file entry34.tsv (TSV, C-alpha atoms)
chain	number	residue	atom	x	y	z
A	28	ALA	CA	40.61	107.60	180.48
A	29	GLN	CA	40.16	104.54	178.30
A	30	SER	CA	42.03	103.54	175.18
A	31	VAL	CA	42.47	100.67	172.76
A	32	ALA	CA	45.45	99.70	170.66
A	33	GLN	CA	45.37	97.46	167.62
A	34	PRO	CA	49.06	97.16	166.80
A	35	GLU	CA	48.64	95.68	163.32
A	36	ASP	CA	47.17	97.64	160.44
A	37	GLN	CA	46.86	94.43	158.44
A	38	VAL	CA	46.97	90.71	159.08
A	39	ASN	CA	47.49	88.24	156.27
A	40	VAL	CA	46.63	84.57	156.64
A	41	ALA	CA	46.03	81.65	154.31
A	42	GLU	CA	42.62	80.02	154.22
A	43	GLY	CA	42.43	77.14	156.66
A	44	ASN	CA	45.10	78.52	158.93
A	45	PRO	CA	44.38	79.91	162.39
A	46	LEU	CA	44.13	83.68	162.71
A	47	THR	CA	44.74	86.14	165.51
A	48	VAL	CA	43.93	89.83	165.52
A	49	LYS	CA	45.52	91.61	168.46
A	50	CYS	CA	44.01	94.15	170.82
A	51	THR	CA	45.27	95.70	174.03
A	52	TYR	CA	43.37	98.13	176.19
A	53	SER	CA	43.80	100.61	179.00
A	54	VAL	CA	41.15	101.51	181.56
A	55	SER	CA	41.29	102.78	185.09
A	56	GLY	CA	38.68	100.31	186.31
A	57	ASN	CA	37.09	97.16	184.94
A	58	PRO	CA	36.54	96.82	181.21
A	59	TYR	CA	33.79	95.73	178.94
A	60	LEU	CA	35.45	94.61	175.71
A	61	PHE	CA	33.99	94.20	172.23
A	62	TRP	CA	34.91	93.10	168.74
A	63	TYR	CA	33.16	94.39	165.64
A	64	VAL	CA	33.62	93.49	161.98
A	65	GLN	CA	33.07	95.74	158.98
A	66	TYR	CA	32.68	94.24	155.54
A	67	PRO	CA	33.21	96.49	152.49
A	68	ASN	CA	30.54	99.16	152.13
A	69	ARG	CA	28.73	97.96	155.24
A	70	GLY	CA	28.24	99.10	158.81
A	71	LEU	CA	30.01	97.68	161.82
A	72	GLN	CA	28.60	94.37	162.97
A	73	PHE	CA	28.85	93.17	166.55
A	74	LEU	CA	30.89	89.94	166.85
A	75	LEU	CA	31.35	89.27	170.55
A	76	LYS	CA	31.87	90.85	173.93
A	77	TYR	CA	33.41	90.21	177.32
A	78	ILE	CA	31.53	91.49	180.33
A	79	THR	CA	32.35	89.09	183.11
A	80	GLY	CA	32.82	85.41	183.76
A	81	ASP	CA	34.70	83.01	181.50
A	82	ASN	CA	37.75	84.64	179.97
A	83	LEU	CA	37.16	82.83	176.66
A	84	VAL	CA	34.26	84.36	174.80
A	85	LYS	CA	32.68	82.79	171.74
A	86	GLY	CA	30.92	84.85	169.13
A	87	SER	CA	29.52	84.88	165.63
A	88	TYR	CA	31.01	83.13	162.59
A	89	GLY	CA	33.26	80.87	164.69
A	90	PHE	CA	35.26	83.71	166.23
A	91	GLU	CA	36.38	83.75	169.82
A	92	ALA	CA	38.40	86.08	172.00
A	93	GLU	CA	40.32	85.65	175.20
A	94	PHE	CA	40.31	88.23	177.95
A	95	ASN	CA	43.68	88.43	179.69
A	96	LYS	CA	43.59	90.86	182.58
A	97	SER	CA	47.29	90.66	183.44
A	98	GLN	CA	48.30	91.48	179.87
A	99	THR	CA	45.34	93.83	179.33
A	100	SER	CA	44.62	92.07	176.07
A	101	PHE	CA	41.57	90.83	174.22
A	102	HIS	CA	42.85	89.10	171.08
A	103	LEU	CA	40.41	87.84	168.47
A	104	LYS	CA	40.97	84.31	167.20
A	105	LYS	CA	39.57	81.75	164.81
A	106	PRO	CA	40.91	78.21	164.40
A	107	SER	CA	40.47	78.07	160.63
A	108	ALA	CA	40.22	81.21	158.50
A	109	LEU	CA	37.88	81.58	155.53
A	110	VAL	CA	38.31	83.89	152.56
A	111	SER	CA	34.96	85.39	153.53
A	112	ASP	CA	36.47	86.49	156.87
A	113	SER	CA	38.42	89.17	154.99
A	114	ALA	CA	37.21	92.44	156.49
A	115	LEU	CA	38.11	95.28	158.83
A	116	TYR	CA	38.03	94.35	162.52
A	117	PHE	CA	37.61	96.80	165.37
A	118	CYS	CA	38.28	96.26	169.06
A	119	ALA	CA	36.47	98.51	171.53
A	120	VAL	CA	36.50	99.08	175.28
A	121	ARG	CA	34.30	100.69	177.87
A	122	ASP	CA	35.38	101.47	181.45
A	123	ILE	CA	32.49	100.46	183.66
A	124	SER	CA	33.91	101.74	186.93
A	125	SER	CA	32.71	105.31	186.63
A	126	GLY	CA	29.14	105.24	185.43
A	127	TYR	CA	28.16	105.36	181.82
A	128	SER	CA	30.84	105.81	179.24
A	129	THR	CA	30.87	105.45	175.50
A	130	LEU	CA	32.83	102.84	173.62
A	131	THR	CA	36.36	103.72	172.57
A	132	PHE	CA	37.29	102.03	169.31
A	133	GLY	CA	40.69	101.03	168.02
A	134	LYS	CA	41.86	102.11	164.59
A	135	GLY	CA	40.95	98.77	163.06
A	136	THR	CA	42.90	95.87	161.61
A	137	MET	CA	42.38	94.73	158.04
A	138	LEU	CA	42.28	90.94	157.82
A	139	LEU	CA	43.11	89.47	154.43
A	140	VAL	CA	42.58	85.74	153.97
A	141	SER	CA	44.12	84.33	150.81
A	142	PRO	CA	42.73	81.24	149.05
B	24	ASP	CA	14.29	93.28	164.68
B	25	ALA	CA	14.82	95.76	161.86
B	26	GLY	CA	18.07	97.12	163.22
B	27	VAL	CA	19.20	100.72	162.98
B	28	ILE	CA	17.88	102.29	159.80
B	29	GLN	CA	19.66	105.14	158.08
B	30	SER	CA	18.78	107.25	155.08
B	31	PRO	CA	19.91	108.13	152.56
B	32	ARG	CA	22.43	105.35	151.96
B	33	HIS	CA	24.29	107.44	149.43
B	34	GLU	CA	24.27	111.17	148.78
B	35	VAL	CA	26.26	113.32	146.42
B	36	THR	CA	25.84	117.04	146.90
B	37	GLU	CA	27.50	120.26	145.88
B	38	MET	CA	29.57	122.32	148.21
B	39	GLY	CA	27.45	124.82	150.11
B	40	GLN	CA	24.30	122.73	150.06
B	41	GLU	CA	22.51	121.54	153.17
B	42	VAL	CA	22.71	117.83	153.95
B	43	THR	CA	20.34	116.02	156.28
B	44	LEU	CA	21.02	112.47	157.38
B	45	ARG	CA	18.32	110.49	159.12
B	46	CYS	CA	18.28	107.67	161.60
B	47	LYS	CA	15.76	105.37	163.20
B	48	PRO	CA	17.26	103.54	166.18
B	49	ILE	CA	16.33	100.08	167.35
B	50	SER	CA	13.01	100.23	169.15
B	51	GLY	CA	13.41	100.50	172.92
B	52	HIS	CA	17.02	101.61	172.83
B	53	ASP	CA	17.74	104.63	175.00
B	54	TYR	CA	21.10	105.72	173.59
B	55	LEU	CA	21.75	107.01	170.10
B	56	PHE	CA	25.14	107.79	168.60
B	57	TRP	CA	26.38	109.52	165.47
B	58	TYR	CA	29.81	108.46	164.19
B	59	ARG	CA	31.87	109.55	161.20
B	60	GLN	CA	34.36	107.29	159.43
B	61	THR	CA	37.13	108.45	157.13
B	62	MET	CA	40.33	106.86	155.92
B	63	MET	CA	42.42	109.55	157.58
B	64	ARG	CA	40.75	109.77	160.98
B	65	GLY	CA	39.10	106.40	161.36
B	66	LEU	CA	35.91	106.15	163.40
B	67	GLU	CA	34.99	109.32	165.32
B	68	LEU	CA	32.14	109.81	167.76
B	69	LEU	CA	30.36	113.04	166.88
B	70	ILE	CA	27.53	113.19	169.40
B	71	TYR	CA	25.35	110.95	171.51
B	72	PHE	CA	21.91	111.18	173.07
B	73	ASN	CA	20.33	109.53	176.08
B	74	ASN	CA	16.54	109.45	176.17
B	75	ASN	CA	16.49	112.01	173.34
B	76	VAL	CA	18.72	114.47	175.22
B	77	PRO	CA	22.15	115.33	173.81
B	78	ILE	CA	24.76	114.28	176.33
B	79	ASP	CA	28.09	114.93	174.66
B	80	ASP	CA	28.58	116.84	171.43
B	81	SER	CA	32.29	117.48	171.87
B	82	GLY	CA	33.03	115.47	168.76
B	83	MET	CA	30.99	117.68	166.47
B	84	PRO	CA	33.65	119.24	164.26
B	85	GLU	CA	32.16	122.68	163.64
B	86	ASP	CA	29.06	124.80	164.03
B	87	ARG	CA	28.10	123.70	160.55
B	88	PHE	CA	27.13	120.37	162.12
B	89	SER	CA	23.99	119.96	164.20
B	90	ALA	CA	22.03	116.97	165.46
B	91	LYS	CA	18.57	116.58	166.87
B	92	MET	CA	16.49	113.83	168.35
B	93	PRO	CA	12.87	115.01	168.51
B	94	ASN	CA	11.60	111.64	169.71
B	95	ALA	CA	12.79	108.18	170.66
B	96	SER	CA	12.52	106.81	167.16
B	97	PHE	CA	14.11	109.51	165.03
B	98	SER	CA	17.28	111.55	164.82
B	99	THR	CA	18.87	113.82	162.24
B	100	LEU	CA	22.39	114.99	161.57
B	101	LYS	CA	22.54	118.15	159.53
B	102	ILE	CA	25.47	119.79	157.79
B	103	GLN	CA	24.94	123.36	156.59
B	104	PRO	CA	26.76	124.45	154.53
B	105	SER	CA	28.52	121.30	153.39
B	106	GLU	CA	32.17	121.26	152.34
B	107	PRO	CA	34.24	118.68	150.42
B	108	ARG	CA	36.10	117.74	153.62
B	109	ASP	CA	32.80	116.54	155.07
B	110	SER	CA	32.86	113.63	152.62
B	111	ALA	CA	32.75	110.52	154.77
B	112	VAL	CA	30.56	107.67	155.91
B	113	TYR	CA	28.22	108.71	158.71
B	114	PHE	CA	26.98	105.96	161.00
B	115	CYS	CA	24.09	106.05	163.38
B	116	ALA	CA	24.10	103.52	166.22
B	117	SER	CA	21.96	102.72	169.23
B	118	SER	CA	22.19	100.80	172.47
B	119	LEU	CA	20.20	99.87	175.52
B	120	GLN	CA	21.69	100.48	178.92
B	121	GLY	CA	21.03	97.54	181.14
B	122	ARG	CA	22.65	95.10	183.51
B	123	GLY	CA	24.32	92.29	181.61
B	124	SER	CA	23.90	93.82	178.18
B	125	GLY	CA	27.29	95.49	178.24
B	126	ASN	CA	25.58	98.36	176.48
B	127	THR	CA	26.36	96.76	173.13
B	128	ILE	CA	26.17	99.34	170.37
B	129	TYR	CA	24.43	98.36	167.14
B	130	PHE	CA	25.27	100.22	163.96
B	131	GLY	CA	23.28	101.12	160.91
B	132	GLU	CA	24.59	100.55	157.40
B	133	GLY	CA	25.80	104.11	157.10
B	134	SER	CA	25.15	107.15	154.92
B	135	TRP	CA	27.90	107.58	152.32
B	136	LEU	CA	28.27	111.33	151.73
B	137	THR	CA	30.25	112.88	148.91
B	138	VAL	CA	30.48	116.66	148.70
B	139	VAL	CA	31.81	117.93	145.38
call {"tool": "encode", "arguments": {"input": "entry34.tsv", "output": "structure tokens"}}
result
Amino acid sequence: AQSVAQPEDQVNVAEGNPLTVKCTYSVSGNPYLFWYVQYPNRGLQFLLKYITGDNLVKGSYGFEAEFNKSQTSFHLKKPSALVSDSALYFCAVRDISSGYSTLTFGKGTMLLVSP
Amino acid sequence: DAGVIQSPRHEVTEMGQEVTLRCKPISGHDYLFWYRQTMMRGLELLIYFNNNVPIDDSGMPEDRFSAKMPNASFSTLKIQPSEPRDSAVYFCASSLQGRGSGNTIYFGEGSWLTVV
């Protein structure tokens, strides 16, 4: 079984400050990990993914995420937040050790960036 | 690339009416997914297809829900009869299974359904 936990329902940060949105996962094998962003009244947009290789993954809009196998985490980060980053962020995982499996999504974390 | 295209974007219907949601996946993608998003339950996978064949429909809430994929470029999600508790955003998504792609899922903009 695979699962994702996003421990924070909401993250508040001031514009210009660094932001972190947390994600931990559980899989029986090796994970593929994803971050998606959903702006109001829009669909989910793919931000970045970890498949293999470098643990630090860079994605769209200046976001990055670090895969930490020992802590089973994949936190989303950005050095300097923008008000326009305010949105709902979803972490997702797929266990690749047992053939095809669908993505399991977390419950989402609302990011609010204040001016 | 046009992305995943869904229609209608918004629909308001009366309880008991039939609702049909439509989806055109990204060309060449071999997986298609239907998700439902509500405030209470978050994002739920309803059903997914591989090469037009339904693989897992365990997320379909009731027999009132049905989905079809008659060809690689079209799918429908039908609710008959509709009920107020079906009010939600319904997302279609597609992906391509392949080495190195991670099977990234790409979402449409959603169909916002309100049943009154």
call {"tool": "closest_atom_pairs", "arguments": {"input": "entry34.tsv", "of": "chain B", "to": "chain A", "cutoff": "6 Å", "atoms": "all atoms listed in the file", "output": "JSON lines"}}
result
{"residue": "B:Phe130", "atom": "CA", "partner": "A:Leu71", "partner_atom": "CA", "distance": 5.8}
{"residue": "B:Gly131", "atom": "CA", "partner": "A:Gly70", "partner_atom": "CA", "distance": 5.8}
{"residue": "B:Glu132", "atom": "CA", "partner": "A:Gly70", "partner_atom": "CA", "distance": 4.2}
{"residue": "B:Gly133", "atom": "CA", "partner": "A:Gly70", "partner_atom": "CA", "distance": 5.8}
call {"tool": "write_last_selection", "arguments": {"input": "entry34.tsv", "atoms": "C-alpha atoms", "output": "PDB file, in the coordinates of the input"}}
result
ATOM      1  CA  PHE B 130      25.270 100.220 163.960  1.00  0.00           C
ATOM      2  CA  GLY B 131      23.280 101.120 160.910  1.00  0.00           C
ATOM      3  CA  GLU B 132      24.590 100.550 157.400  1.00  0.00           C
ATOM      4  CA  GLY B 133      25.800 104.110 157.100  1.00  0.00           C
TER       5      GLY B 133
END
call {"tool": "residues_around", "arguments": {"input": "entry34.tsv", "residues": "range 39-55 of chain B", "least_positions_apart": "5", "cutoff": "7 Å", "atoms": "only C-alpha atoms", "output": "list in words"}}
result
Gly26, Val27, Ile28, Gln29, Ser30, Pro31, Tyr71, Phe72, Asn73, Asn74, Ser96, Phe97, Ser98, Thr99, Leu100, Lys101, Ile102, Gln103, Pro104, Ser105, Glu106, Cys115, Ala116, Ser117, Ser118, Leu119 and Gln120 of chain B
call {"tool": "atom_distance", "arguments": {"input": "entry34.tsv", "atom1": "CA of Ser53 in chain A", "atom2": "CA of Asn82 in chain A"}}
result
17.1 Å
call {"tool": "atom_distance", "arguments": {"input": "entry34.tsv", "atom1": "CA of Ile70 in chain B", "atom2": "CA of Met83 in chain B"}}
result
6.4 Å
call {"tool": "atom_distance", "arguments": {"input": "entry34.tsv", "atom1": "CA of Gly89 in chain A", "atom2": "CA of Pro67 in chain A"}}
result
19.8 Å
call {"tool": "residues_around", "arguments": {"input": "entry34.tsv", "residues": "Pro107 in chain B", "least_positions_apart": "5", "cutoff": "7 Å", "atoms": "only C-alpha atoms", "output": "VMD selection string"}}
result
chain B and resid 38 138 to 139
call {"tool": "closest_residue", "arguments": {"input": "entry34.tsv", "among": "A:Ala28, A:Cys50, A:Val38, A:Val84", "to": "Ser113 in chain A", "atoms": "all atoms listed in the file"}}
result
A:Val38
call {"tool": "closest_residue", "arguments": {"input": "entry34.tsv", "among": "B:Ser89, B:Ser81, B:Ser134, B:Phe114", "to": "Trp57 in chain B", "atoms": "all atoms listed in the file"}}
result
B:Phe114
call {"tool": "residues_near_point", "arguments": {"input": "entry34.tsv", "point": "(38.9, 85.0, 158.3)", "cutoff": "7 Å", "atoms": "all atoms listed in the file", "output": "PDB file with C-alpha atoms, keeping the file's coordinate frame"}}
result
ATOM      1  CA  LEU A  46      44.130  83.680 162.710  1.00  0.00           C
ATOM      2  CA  ALA A 108      40.220  81.210 158.500  1.00  0.00           C
ATOM      3  CA  LEU A 109      37.880  81.580 155.530  1.00  0.00           C
ATOM      4  CA  VAL A 110      38.310  83.890 152.560  1.00  0.00           C
ATOM      5  CA  SER A 111      34.960  85.390 153.530  1.00  0.00           C
ATOM      6  CA  ASP A 112      36.470  86.490 156.870  1.00  0.00           C
ATOM      7  CA  SER A 113      38.420  89.170 154.990  1.00  0.00           C
ATOM      8  CA  LEU A 138      42.280  90.940 157.820  1.00  0.00           C
ATOM      9  CA  VAL A 140      42.580  85.740 153.970  1.00  0.00           C
TER      10      VAL A 140
END
